[in-house]
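Printed here is final15.cif (mmCIF, C-alpha atoms (C1' of nucleotides)):
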```
data_entry
#
loop_
_atom_site.label_atom_id
_atom_site.label_comp_id
_atom_site.auth_asym_id
_atom_site.auth_seq_id
_atom_site.Cartn_x
_atom_site.Cartn_y
_atom_site.Cartn_z
CA MET A 1 0.78 -36.93 -17.66
CA SER A 2 1.12 -37.03 -21.45
CA ALA A 3 1.37 -33.83 -23.43
CA ALA A 4 -2.09 -34.41 -24.82
CA ALA A 5 -3.56 -34.99 -21.37
CA ALA A 6 -1.86 -31.88 -20.04
CA ALA A 7 -3.23 -29.84 -22.91
CA GLN A 8 -6.70 -31.16 -22.20
CA SER A 9 -6.61 -30.32 -18.48
CA GLN A 10 -5.29 -26.90 -19.44
CA ALA A 11 -8.27 -26.28 -21.73
CA VAL A 12 -10.84 -27.72 -19.32
CA LEU A 13 -10.12 -24.87 -16.90
CA SER A 14 -8.93 -22.00 -19.09
CA CYS A 15 -11.76 -22.20 -21.65
CA PRO A 16 -14.65 -21.71 -19.21
CA LEU A 17 -12.60 -19.11 -17.34
CA LEU A 18 -11.90 -17.03 -20.46
CA ASP A 19 -15.51 -17.37 -21.54
CA TRP A 20 -16.70 -16.20 -18.12
CA PHE A 21 -14.30 -13.26 -18.18
CA ALA A 22 -15.51 -12.16 -21.61
CA ARG A 23 -19.00 -11.84 -20.14
CA HIS A 24 -18.27 -10.55 -16.63
CA ALA A 25 -15.13 -8.39 -16.75
CA ARG A 26 -15.68 -5.15 -14.86
CA ASP A 27 -15.26 -1.91 -16.73
CA LEU A 28 -12.17 -0.48 -14.99
CA PRO A 29 -10.18 2.63 -15.96
CA TRP A 30 -6.99 0.68 -16.76
CA ARG A 31 -8.89 -1.65 -19.08
CA ARG A 32 -9.82 1.16 -21.48
CA ASP A 33 -6.48 2.34 -22.79
CA ARG A 34 -3.91 -0.42 -22.44
CA THR A 35 -0.67 1.44 -22.89
CA PRO A 36 2.24 -0.06 -20.95
CA TYR A 37 2.55 2.99 -18.68
CA ARG A 38 -1.12 2.82 -17.70
CA ILE A 39 -0.99 -0.92 -17.03
CA TRP A 40 2.18 -0.51 -14.99
CA LEU A 41 0.76 2.36 -12.94
CA ALA A 42 -2.44 0.42 -12.24
CA GLU A 43 -0.55 -2.70 -11.17
CA VAL A 44 1.66 -0.74 -8.79
CA MET A 45 -1.31 1.08 -7.24
CA LEU A 46 -3.17 -2.21 -6.92
CA GLN A 47 -0.40 -3.80 -4.86
CA GLN A 48 -2.12 -4.62 -1.54
CA THR A 49 -4.81 -2.08 -2.35
CA GLN A 50 -8.39 -2.67 -3.41
CA VAL A 51 -9.85 -1.59 -6.72
CA ASP A 52 -12.36 0.91 -5.32
CA THR A 53 -9.64 2.64 -3.34
CA VAL A 54 -7.31 2.85 -6.34
CA ILE A 55 -9.68 4.25 -8.98
CA PRO A 56 -9.74 7.93 -7.91
CA TYR A 57 -5.96 7.92 -7.29
CA TYR A 58 -5.35 6.37 -10.68
CA GLU A 59 -7.40 9.02 -12.47
CA ARG A 60 -5.72 11.89 -10.59
CA PHE A 61 -2.24 10.48 -11.08
CA LEU A 62 -2.67 10.07 -14.82
CA ALA A 63 -4.16 13.53 -15.17
CA ARG A 64 -1.15 14.96 -13.35
CA PHE A 65 1.55 12.73 -14.90
CA PRO A 66 0.18 11.59 -18.30
CA THR A 67 3.42 10.02 -19.52
CA ILE A 68 6.49 8.32 -18.13
CA ALA A 69 8.56 11.30 -19.24
CA GLU A 70 6.39 13.73 -17.30
CA LEU A 71 6.54 11.50 -14.23
CA ALA A 72 10.32 11.30 -14.50
CA ALA A 73 10.58 15.09 -14.78
CA ALA A 74 8.47 15.68 -11.66
CA GLU A 75 9.79 16.35 -8.16
CA LEU A 76 9.40 13.40 -5.79
CA GLY A 77 7.45 15.62 -3.38
CA ASP A 78 4.81 16.27 -6.03
CA VAL A 79 4.51 12.55 -6.74
CA LEU A 80 4.14 11.80 -3.02
CA LYS A 81 1.52 14.52 -2.75
CA VAL A 82 -0.66 12.85 -5.40
CA TRP A 83 -0.06 9.51 -3.65
CA GLU A 84 -1.03 10.93 -0.23
CA GLY A 85 -3.50 8.64 1.54
CA LEU A 86 -2.92 5.62 -0.69
CA GLY A 87 -0.30 4.14 1.62
CA TYR A 88 2.85 2.07 1.05
CA TYR A 89 4.69 5.22 -0.03
CA ALA A 90 7.74 3.23 -1.13
CA ARG A 91 5.61 2.39 -4.16
CA ALA A 92 5.54 6.05 -5.18
CA ARG A 93 9.27 6.49 -4.56
CA ASN A 94 10.05 3.34 -6.57
CA LEU A 95 7.70 4.29 -9.39
CA HIS A 96 9.35 7.69 -9.67
CA ALA A 97 12.86 6.19 -9.61
CA ALA A 98 11.87 3.57 -12.19
CA ALA A 99 10.40 6.24 -14.49
CA ARG A 100 13.71 8.11 -14.35
CA GLN A 101 15.61 4.91 -15.17
CA VAL A 102 13.33 4.17 -18.12
CA VAL A 103 13.72 7.69 -19.49
CA ALA A 104 17.49 7.66 -19.05
CA ARG A 105 18.11 4.19 -20.43
CA SER A 106 15.42 3.62 -23.05
CA ALA A 107 13.99 6.98 -24.03
CA GLY A 108 10.86 6.60 -21.94
CA ARG A 109 9.84 3.21 -23.33
CA LEU A 110 9.00 0.62 -20.72
CA PRO A 111 10.84 -2.64 -21.42
CA GLY A 112 8.60 -5.41 -22.72
CA SER A 113 10.10 -8.57 -21.26
CA TYR A 114 9.49 -10.11 -17.86
CA ASP A 115 13.20 -10.20 -16.98
CA GLU A 116 13.81 -6.56 -17.84
CA LEU A 117 10.71 -5.42 -15.96
CA LEU A 118 11.74 -7.40 -12.89
CA VAL A 119 14.87 -5.27 -12.55
CA LEU A 120 12.92 -2.02 -12.11
CA PRO A 121 12.50 -0.78 -8.53
CA GLY A 122 9.09 -1.67 -7.15
CA VAL A 123 8.51 -4.40 -9.73
CA GLY A 124 8.43 -7.94 -8.38
CA ARG A 125 7.32 -11.28 -9.79
CA TYR A 126 3.64 -10.39 -9.86
CA THR A 127 3.92 -6.93 -11.42
CA ALA A 128 6.52 -8.03 -13.97
CA GLY A 129 4.23 -10.87 -15.04
CA ALA A 130 1.17 -8.65 -15.19
CA VAL A 131 2.78 -5.92 -17.29
CA ALA A 132 4.60 -8.38 -19.56
CA SER A 133 1.45 -10.39 -20.25
CA ILE A 134 -1.25 -7.70 -20.28
CA ALA A 135 0.63 -4.84 -21.93
CA PHE A 136 3.09 -6.80 -24.08
CA GLY A 137 1.40 -10.14 -24.72
CA GLN A 138 4.21 -12.21 -23.24
CA HIS A 139 3.49 -15.85 -22.30
CA VAL A 140 4.02 -15.50 -18.51
CA VAL A 141 1.85 -15.87 -15.41
CA ALA A 142 0.90 -13.18 -12.89
CA VAL A 143 -0.29 -14.74 -9.64
CA ASP A 144 -1.54 -12.33 -6.98
CA GLY A 145 -3.47 -12.92 -3.77
CA ASN A 146 -6.75 -13.37 -5.64
CA ALA A 147 -5.30 -15.88 -8.10
CA ARG A 148 -3.60 -17.73 -5.25
CA ARG A 149 -6.93 -18.15 -3.51
CA VAL A 150 -8.59 -19.53 -6.66
CA LEU A 151 -5.71 -21.92 -7.34
CA CYS A 152 -5.62 -23.16 -3.73
CA ARG A 153 -9.30 -24.02 -3.94
CA VAL A 154 -9.34 -25.50 -7.45
CA PHE A 155 -6.34 -27.73 -6.72
CA ALA A 156 -7.01 -28.22 -2.98
CA VAL A 157 -3.62 -26.83 -1.97
CA THR A 158 -3.52 -26.97 1.82
CA GLY A 159 -0.01 -25.63 2.47
CA ASP A 160 0.59 -22.28 4.19
CA VAL A 161 0.37 -19.71 1.36
CA THR A 162 2.61 -17.27 3.19
CA ARG A 163 5.48 -19.70 2.50
CA SER A 164 7.35 -18.94 -0.70
CA SER A 165 7.57 -22.64 -1.59
CA VAL A 166 3.78 -22.78 -1.74
CA GLN A 167 3.66 -19.58 -3.77
CA ARG A 168 6.03 -21.14 -6.29
CA GLU A 169 3.89 -24.25 -6.40
CA LEU A 170 0.84 -22.11 -7.22
CA GLU A 171 2.73 -20.27 -9.95
CA GLU A 172 3.65 -23.62 -11.49
CA LEU A 173 0.00 -24.69 -11.40
CA ALA A 174 -0.90 -21.42 -13.18
CA VAL A 175 1.77 -22.05 -15.81
CA GLY A 176 0.07 -25.36 -16.53
CA LEU A 177 -3.19 -23.57 -17.29
CA LEU A 178 -1.82 -20.72 -19.40
CA PRO A 179 -3.43 -20.73 -22.86
CA CYS A 180 -1.22 -19.92 -25.86
CA GLY A 181 -1.65 -16.37 -27.10
CA ARG A 182 -4.05 -15.31 -24.33
CA ALA A 183 -1.82 -15.10 -21.27
CA GLY A 184 -2.75 -11.55 -20.27
CA GLU A 185 -6.43 -12.26 -20.60
CA PHE A 186 -6.05 -15.47 -18.58
CA ASN A 187 -4.14 -13.74 -15.79
CA GLU A 188 -6.72 -10.98 -15.55
CA ALA A 189 -9.54 -13.53 -15.60
CA LEU A 190 -8.10 -15.57 -12.74
CA ILE A 191 -7.63 -12.42 -10.66
CA GLU A 192 -11.10 -11.13 -11.53
CA LEU A 193 -12.66 -14.43 -10.53
CA GLY A 194 -10.89 -14.28 -7.17
CA ALA A 195 -11.91 -10.67 -6.61
CA THR A 196 -15.59 -11.02 -7.49
CA VAL A 197 -16.67 -14.68 -7.13
CA CYS A 198 -14.05 -16.77 -5.34
CA THR A 199 -13.94 -14.34 -2.41
CA PRO A 200 -12.22 -15.01 0.93
CA ARG A 201 -15.52 -15.30 2.80
CA ALA A 202 -18.79 -16.68 1.38
CA PRO A 203 -17.55 -17.52 -2.14
CA ARG A 204 -20.33 -17.52 -4.75
CA CYS A 205 -19.64 -21.00 -6.07
CA GLY A 206 -23.04 -21.04 -7.78
CA GLU A 207 -21.74 -18.39 -10.19
CA CYS A 208 -18.31 -19.90 -10.68
CA PRO A 209 -17.35 -21.22 -14.11
CA LEU A 210 -14.81 -23.56 -12.49
CA ALA A 211 -17.05 -25.05 -9.79
CA GLY A 212 -17.36 -28.40 -11.52
CA GLU A 213 -13.55 -28.73 -11.72
CA CYS A 214 -12.87 -27.24 -8.28
CA GLN A 215 -11.56 -29.83 -5.83
CA ALA A 216 -12.51 -27.72 -2.81
CA TYR A 217 -16.05 -27.16 -4.09
CA VAL A 218 -16.55 -30.79 -5.00
CA GLY A 219 -15.10 -31.67 -1.59
CA GLY A 220 -17.79 -29.50 -0.03
CA ASP A 221 -16.01 -26.61 1.74
CA PRO A 222 -13.85 -24.14 -0.19
CA GLU A 223 -13.99 -21.31 2.36
CA PRO A 224 -11.16 -22.44 4.68
CA LEU A 225 -8.68 -22.28 1.80
CA PRO A 226 -6.17 -20.80 1.43
CA VAL A 227 -4.51 -21.70 4.73
CA ARG A 228 -2.18 -19.15 6.29
CA ARG A 229 -0.19 -18.94 9.46
CA PRO A 230 -2.06 -16.94 12.13
CA ARG A 231 -0.91 -13.35 12.41
CA ARG A 232 0.69 -11.83 15.42
CA ARG A 233 -1.26 -9.45 17.57
CA VAL A 234 -0.37 -5.86 16.81
CA PRO A 235 1.06 -3.72 19.61
CA HIS A 236 -0.31 -0.30 20.49
CA TYR A 237 1.77 2.82 21.09
CA ASP A 238 1.04 6.30 22.34
CA VAL A 239 2.76 8.91 20.21
CA ALA A 240 3.13 12.63 20.96
CA ALA A 241 3.43 15.27 18.23
CA ALA A 242 4.25 18.96 18.53
CA VAL A 243 2.28 21.73 16.86
CA THR A 244 4.79 24.48 17.48
CA LEU A 245 3.62 27.94 16.54
CA ARG A 246 5.67 31.08 16.09
CA ASP A 247 4.84 34.26 14.20
CA GLY A 248 1.86 32.59 12.54
CA HIS A 249 3.91 29.67 11.24
CA VAL A 250 4.02 26.05 12.36
CA LEU A 251 7.08 23.81 12.54
CA VAL A 252 7.05 20.65 10.41
CA ALA A 253 9.76 18.06 9.74
CA GLN A 254 10.38 15.77 6.79
CA ARG A 255 10.98 12.09 7.50
CA LYS A 256 14.17 10.51 6.23
CA VAL A 257 13.57 8.68 2.93
CA GLU A 258 14.81 5.35 4.26
CA ASP A 259 12.37 5.38 7.20
CA MET A 260 8.77 4.33 7.21
CA LEU A 261 6.67 7.06 5.53
CA GLY A 262 9.98 8.33 4.09
CA GLY A 263 9.88 11.73 2.42
CA LEU A 264 6.55 12.67 4.00
CA TRP A 265 6.17 15.69 6.29
CA GLU A 266 4.96 15.47 9.87
CA PHE A 267 4.53 17.27 13.13
CA PRO A 268 7.71 16.23 14.96
CA GLY A 269 7.44 13.91 17.94
CA GLY A 270 7.64 10.22 18.68
CA LYS A 271 6.73 7.18 20.67
CA ARG A 272 6.23 7.43 24.42
CA GLU A 273 8.66 5.29 26.40
CA GLU A 274 7.83 3.22 29.47
CA GLY A 275 7.22 5.36 32.54
CA GLU A 276 7.20 8.64 30.62
CA THR A 277 4.36 11.15 30.46
CA LEU A 278 3.30 12.43 27.05
CA PRO A 279 4.67 15.97 27.66
CA GLU A 280 7.98 14.49 28.86
CA CYS A 281 8.07 12.31 25.76
CA LEU A 282 7.45 15.27 23.50
CA ALA A 283 10.09 17.45 25.15
CA ARG A 284 12.61 14.60 24.75
CA GLU A 285 11.73 13.96 21.12
CA MET A 286 12.05 17.65 20.26
CA ARG A 287 15.51 17.70 21.83
CA GLU A 288 16.59 14.54 20.00
CA GLU A 289 15.12 15.35 16.60
CA LEU A 290 15.51 19.10 16.33
CA GLY A 291 17.75 20.15 19.21
CA VAL A 292 15.24 22.55 20.77
CA GLU A 293 13.54 22.95 24.14
CA VAL A 294 9.78 23.38 24.11
CA LYS A 295 7.04 24.17 26.58
CA VAL A 296 4.22 21.68 26.01
CA GLU A 297 0.90 23.48 26.32
CA GLU A 298 -2.45 21.87 25.58
CA VAL A 299 -3.91 18.98 23.63
CA LEU A 300 -4.97 20.11 20.16
CA THR A 301 -6.40 16.79 19.03
CA VAL A 302 -6.09 13.03 19.51
CA VAL A 303 -5.99 10.78 16.45
CA LYS A 304 -6.19 7.00 16.40
CA HIS A 305 -4.47 5.32 13.48
CA ALA A 306 -3.81 1.72 12.46
CA PHE A 307 -0.76 0.55 10.56
CA THR A 308 -0.24 -3.03 9.43
CA HIS A 309 1.93 -4.06 12.35
CA PHE A 310 0.98 -1.67 15.11
CA ARG A 311 -1.58 0.91 16.15
CA ILE A 312 -0.99 4.35 17.50
CA THR A 313 -2.88 6.98 19.42
CA LEU A 314 -1.39 10.25 18.27
CA HIS A 315 -1.64 13.05 20.84
CA ALA A 316 -0.98 16.43 19.23
CA PHE A 317 0.01 19.23 21.63
CA THR A 318 0.41 22.91 20.96
CA CYS A 319 3.93 23.94 21.96
CA GLN A 320 6.12 26.99 22.37
CA LEU A 321 9.80 27.08 21.56
CA THR A 322 11.63 28.08 24.76
CA SER A 323 15.25 27.82 23.67
CA GLY A 324 17.37 26.92 20.67
CA GLU A 325 16.73 27.08 16.96
CA PRO A 326 15.70 23.88 15.13
CA SER A 327 18.34 21.86 13.31
CA CYS A 328 17.89 18.49 11.65
CA LEU A 329 19.43 16.01 14.07
CA ASP A 330 17.14 13.13 13.10
CA CYS A 331 15.09 14.17 10.07
CA ALA A 332 15.61 15.07 6.41
CA ALA A 333 14.52 18.71 6.65
CA PHE A 334 12.38 21.10 8.67
CA ARG A 335 10.31 24.12 7.71
CA TRP A 336 8.16 26.83 9.25
CA VAL A 337 4.98 27.06 7.18
CA ALA A 338 1.75 29.00 7.33
CA PRO A 339 -1.05 26.62 8.33
CA ALA A 340 -2.77 27.23 4.99
CA ASP A 341 0.34 25.92 3.22
CA LEU A 342 0.28 22.57 5.02
CA GLU A 343 -2.06 21.32 2.30
CA GLY A 344 0.74 21.46 -0.25
CA LEU A 345 3.03 19.11 1.69
CA PRO A 346 2.71 15.31 1.44
CA MET A 347 1.71 13.90 4.84
CA SER A 348 0.41 10.61 6.18
CA VAL A 349 -3.26 10.34 7.01
CA ALA A 350 -2.69 10.72 10.76
CA ASP A 351 -0.66 13.94 10.43
CA ARG A 352 -3.12 15.27 7.88
CA LYS A 353 -5.83 14.95 10.52
CA VAL A 354 -3.71 16.98 12.93
CA ALA A 355 -3.24 19.64 10.24
CA ALA A 356 -7.00 19.73 9.71
CA ALA A 357 -7.55 20.11 13.46
CA LEU A 358 -5.13 23.04 13.55
CA GLN A 359 -6.88 24.81 10.71
CA ALA A 360 -10.26 24.16 12.30
CA ALA A 361 -9.07 25.56 15.63
CA GLN A 362 -7.72 28.66 13.96
CA GLY A 363 -10.85 29.08 11.91
CA GLN A 364 -12.89 29.01 15.11
CA ALA A 365 -10.65 31.25 17.18
CA PRO A 366 -7.56 32.45 15.33
CA ASP A 367 -5.87 33.69 18.53
CA LEU A 368 -6.43 30.74 20.77
CA PRO A 369 -3.82 28.22 19.77
CA LEU A 370 -1.47 30.95 18.63
CA HIS A 371 -0.05 32.16 21.92
CA GLY A 372 3.10 33.15 20.11
CA ASN A 373 1.36 35.01 17.31
CA PRO A 374 2.21 38.67 17.68
CA SER A 375 -0.56 39.90 15.35
"C1'" DA B 376 12.75 -17.82 3.79
"C1'" DA B 377 10.72 -14.66 6.96
"C1'" DT B 378 9.50 -9.91 8.06
"C1'" DG B 379 8.17 -4.91 7.80
"C1'" DC B 380 5.56 -1.71 5.29
"C1'" DG B 381 -0.35 2.05 5.04
"C1'" DG B 382 -4.63 2.38 4.56
"C1'" DG B 383 -9.18 1.07 3.71
"C1'" DG B 384 -13.11 -2.11 3.02
"C1'" DG B 385 -15.87 -6.14 4.21
"C1'" DT B 386 -18.15 -9.01 7.63
"C1'" DA C 387 -12.83 -6.74 16.31
"C1'" DC C 388 -11.09 -9.05 13.16
"C1'" DC C 389 -9.64 -10.40 8.20
"C1'" DC C 390 -7.91 -9.35 3.88
"C1'" DC C 391 -6.24 -7.02 -0.04
"C1'" DA C 392 -4.08 -6.78 -8.24
"C1'" DG C 393 3.26 -7.36 -3.34
"C1'" DC C 394 7.98 -5.64 -2.82
"C1'" DA C 395 12.44 -4.96 -0.69
"C1'" DT C 396 15.32 -6.24 2.76
"C1'" DT C 397 17.43 -9.33 5.86
#
```
Would it be possible to restate this file's structure as structure tokens?
Amino acid sequence: MSAAAAAQSQAVLSCPLLDWFARHARDLPWRRDRTPYRIWLAEVMLQQTQVDTVIPYYERFLARFPTIAELAAAELGDVLKVWEGLGYYARARNLHAAARQVVARSAGRLPGSYDELLVLPGVGRYTAGAVASIAFGQHVVAVDGNARRVLCRVFAVTGDVTRSSVQRELEELAVGLLPCGRAGEFNEALIELGATVCTPRAPRCGECPLAGECQAYVGGDPEPLPVRRPRRRVPHYDVAAAVTLRDGHVLVAQRKVEDMLGGLWEFPGGKREEGETLPECLAREMREELGVEVKVEEVLTVVKHAFTHFRITLHAFTCQLTSGEPSCLDCAAFRWVAPADLEGLPMSVADRKVAAALQAAQGQAPDLPLHGNPS
DNA sequence: AATGCGGGGGT
DNA sequence: ACCCCAGCATT
């Protein structure tokens, strides 16, 4: 293709897209005040997370940590607490670590180039491209899952999009469309189109500014694209957790930072092995994790919870310590806390439900689950 | 280049 | 019940 022809095909798609975006862009919190920190924070929160879920977290996070310097100065536990419920907690750990790097190395100024951004923990190809183009006006692409879907349909790309070779191919196609001086706007527009019009199911092609140029639409059936390898079935596990009470305090453990849900607090316990009863499992886990013997009493609550790659049924039992004092054999820390103080600790959604059940049980009948409470 | 990581929303 | 999502780090 000649340079002139390439320029024309670039404009044929980007012009109607930019025009559509100017008329249909949603009013989102991170589109109001486009400082680099706010764009960066939004992009990290939006990784694998939908807009409506992110908005309240974004507002709370900014209210609590208004600047990179204030984020860097915070304790990780406080950052995780604000992140609680949003998931993918490595994002919060990486964001915090990156803020500290930025403060230490460049006085709290986020670097403005794609290559420098890419080095920060938690910043990959997409986020580096988004921040560089949207916050700093750099001429780079930012291709996320929404943009990939649009590009697959427009260019009839039938390869498996979970393969990195196909992802690179899509990025190259996006590069070919990038208009000079309006890269950030273009990237946002492509993503917005994927999020609101070119949806995974039942795309609204009648409202799409690219329909006439879309190979999948012209071919008659855009919905099957993009193609991806079928996912594996997720296994299910039964997990036991101990609500151990003594003197009006409950025992909680902090997960090791390198583990899944690292740095969060939980009611200690673990996965039931083959041929094991739940109380046997819990007694074993308490020995292995904390070096104590417990008497497993009654079921406090049962919580079902889905992770990406497995599901659990979490059985929380009230327990009594029968021998030994806790020590951290397989956790980062442990603590005895008053039930009312559980709210201050960052926990996953499943453990938070157990904490709520404990408080509800005590609110109903303060003595009942507290066999060891001397009061 | 493939895989593990949370949680929620849409259909 | 699935499917998918403003992806990244690790292997």
Residues near Arg232 of chain A, cut-off 10 Å, all atoms listed in the file, skip fewer than 3 positions along chain, as a ChimeraX atom specification: /A:229,235,309
What would the file look like if the residues just selected were written as an mmCIF file, in the frame of the given file with C-alpha atoms?
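Saved result, selection.cif, follows:
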```cif
data_model
loop_
_atom_site.group_PDB
_atom_site.id
_atom_site.type_symbol
_atom_site.label_atom_id
_atom_site.label_comp_id
_atom_site.auth_asym_id
_atom_site.auth_seq_id
_atom_site.Cartn_x
_atom_site.Cartn_y
_atom_site.Cartn_z
ATOM 1 C CA ARG A 229 -0.190 -18.940 9.460
ATOM 2 C CA PRO A 235 1.060 -3.720 19.610
ATOM 3 C CA HIS A 309 1.930 -4.060 12.350
#
```
Interface rows for chain B against chain A: nearest pair, Å to one decimal, 7 Å, only C-alpha atoms (C1' of nucleotides), as a tab-separated table:
```
residue	atom	partner	partner_atom	distance
B:DC380	C1'	A:Tyr88	CA	6.3
B:DG381	C1'	A:Gly87	CA	4.0
B:DG382	C1'	A:Gly87	CA	5.5
```
Residue hits in chain A, query chain C, radius 10 Å, only C-alpha atoms (C1' of nucleotides), as a PyMOL selection string: chain A and resi 42-51+90-91+94+121-127+130+142-147+188+191-192+195+200-201
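Between atom CA of Ala72 of chain A and atom CA of Leu117 of chain A there is a distance of 16.8 Å.
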Quick one: axis-aligned box around all listed atoms of segment 252-257 of chain A, 3 Å on every side, centre and edge lengths in Å to one decimal, written as AutoDock Vina command-line options.
```
--center_x 10.6 --center_y 14.7 --center_z 6.7 --size_x 13.1 --size_y 18.0 --size_z 13.5
```
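Atom CA of Glu84 of chain A lies 15.0 Å from atom CA of Phe65 of chain A.
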Interatomic distance, atom CA of Ala333 of chain A to atom CA of Gln254 of chain A (Å, one decimal): 5.1 Å
Test item: the PyMOL selection byres ((chain A and resi 168-185) around 9) resolved as a ChimeraX atom specification: /A:6-7,9-15,18,21,129-143,147-148,151-152,155,157,161,163-167,186-190
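With only C-alpha atoms (C1' of nucleotides) taken into account, the protein and nucleic acid residues at most 8 Å from Pro16 of chain A (excluding it and anything under 4 positions from it in its own chain) are Val12, Trp20, Pro209 and Leu210 of chain A.
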Residues near Glu285 of chain A, anyone? I mean within 8 Å using all atoms listed in the file, not counting same-chain ones fewer than 6 positions away, as an mmCIF file with C-alpha atoms, keeping the file's coordinate frame.
```
data_model
loop_
_atom_site.group_PDB
_atom_site.id
_atom_site.type_symbol
_atom_site.label_atom_id
_atom_site.label_comp_id
_atom_site.auth_asym_id
_atom_site.auth_seq_id
_atom_site.Cartn_x
_atom_site.Cartn_y
_atom_site.Cartn_z
ATOM 1 C CA PRO A 268 7.710 16.230 14.960
ATOM 2 C CA GLY A 269 7.440 13.910 17.940
ATOM 3 C CA GLY A 270 7.640 10.220 18.680
#
```
Selection result for the PyMOL selection byres ((chain A and resi 239) around 7) on this file, as a PyMOL selection string: chain A and resi 237-238+240-241+270-272+312-315
Spatial neighbours of Ala242 of chain A, 7 Å, all atoms listed in the file, chain gap at least 2 places, as a PyMOL selection string: chain A and resi 240+244+267-269+282+316-319
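Taken over the whole file, the PyMOL selection byres ((chain A and resi 154) around 7) covers exactly A:Val150, A:Leu151, A:Cys152, A:Arg153, A:Phe155, A:Ala156, A:Glu213, A:Cys214, A:Gln215, A:Ala216.
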Would you mind exporting C-alpha atoms of the selected residues as an mmCIF file, in the coordinates of the input?
```cif
data_model
loop_
_atom_site.group_PDB
_atom_site.id
_atom_site.type_symbol
_atom_site.label_atom_id
_atom_site.label_comp_id
_atom_site.auth_asym_id
_atom_site.auth_seq_id
_atom_site.Cartn_x
_atom_site.Cartn_y
_atom_site.Cartn_z
ATOM 1 C CA VAL A 150 -8.590 -19.530 -6.660
ATOM 2 C CA LEU A 151 -5.710 -21.920 -7.340
ATOM 3 C CA CYS A 152 -5.620 -23.160 -3.730
ATOM 4 C CA ARG A 153 -9.300 -24.020 -3.940
ATOM 5 C CA PHE A 155 -6.340 -27.730 -6.720
ATOM 6 C CA ALA A 156 -7.010 -28.220 -2.980
ATOM 7 C CA GLU A 213 -13.550 -28.730 -11.720
ATOM 8 C CA CYS A 214 -12.870 -27.240 -8.280
ATOM 9 C CA GLN A 215 -11.560 -29.830 -5.830
ATOM 10 C CA ALA A 216 -12.510 -27.720 -2.810
#
```
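Across A:Arg204, A:Leu193, A:Ala283, A:Glu70, the tightest approach to His24 of chain A is made by A:Leu193 when counting only C-alpha atoms.
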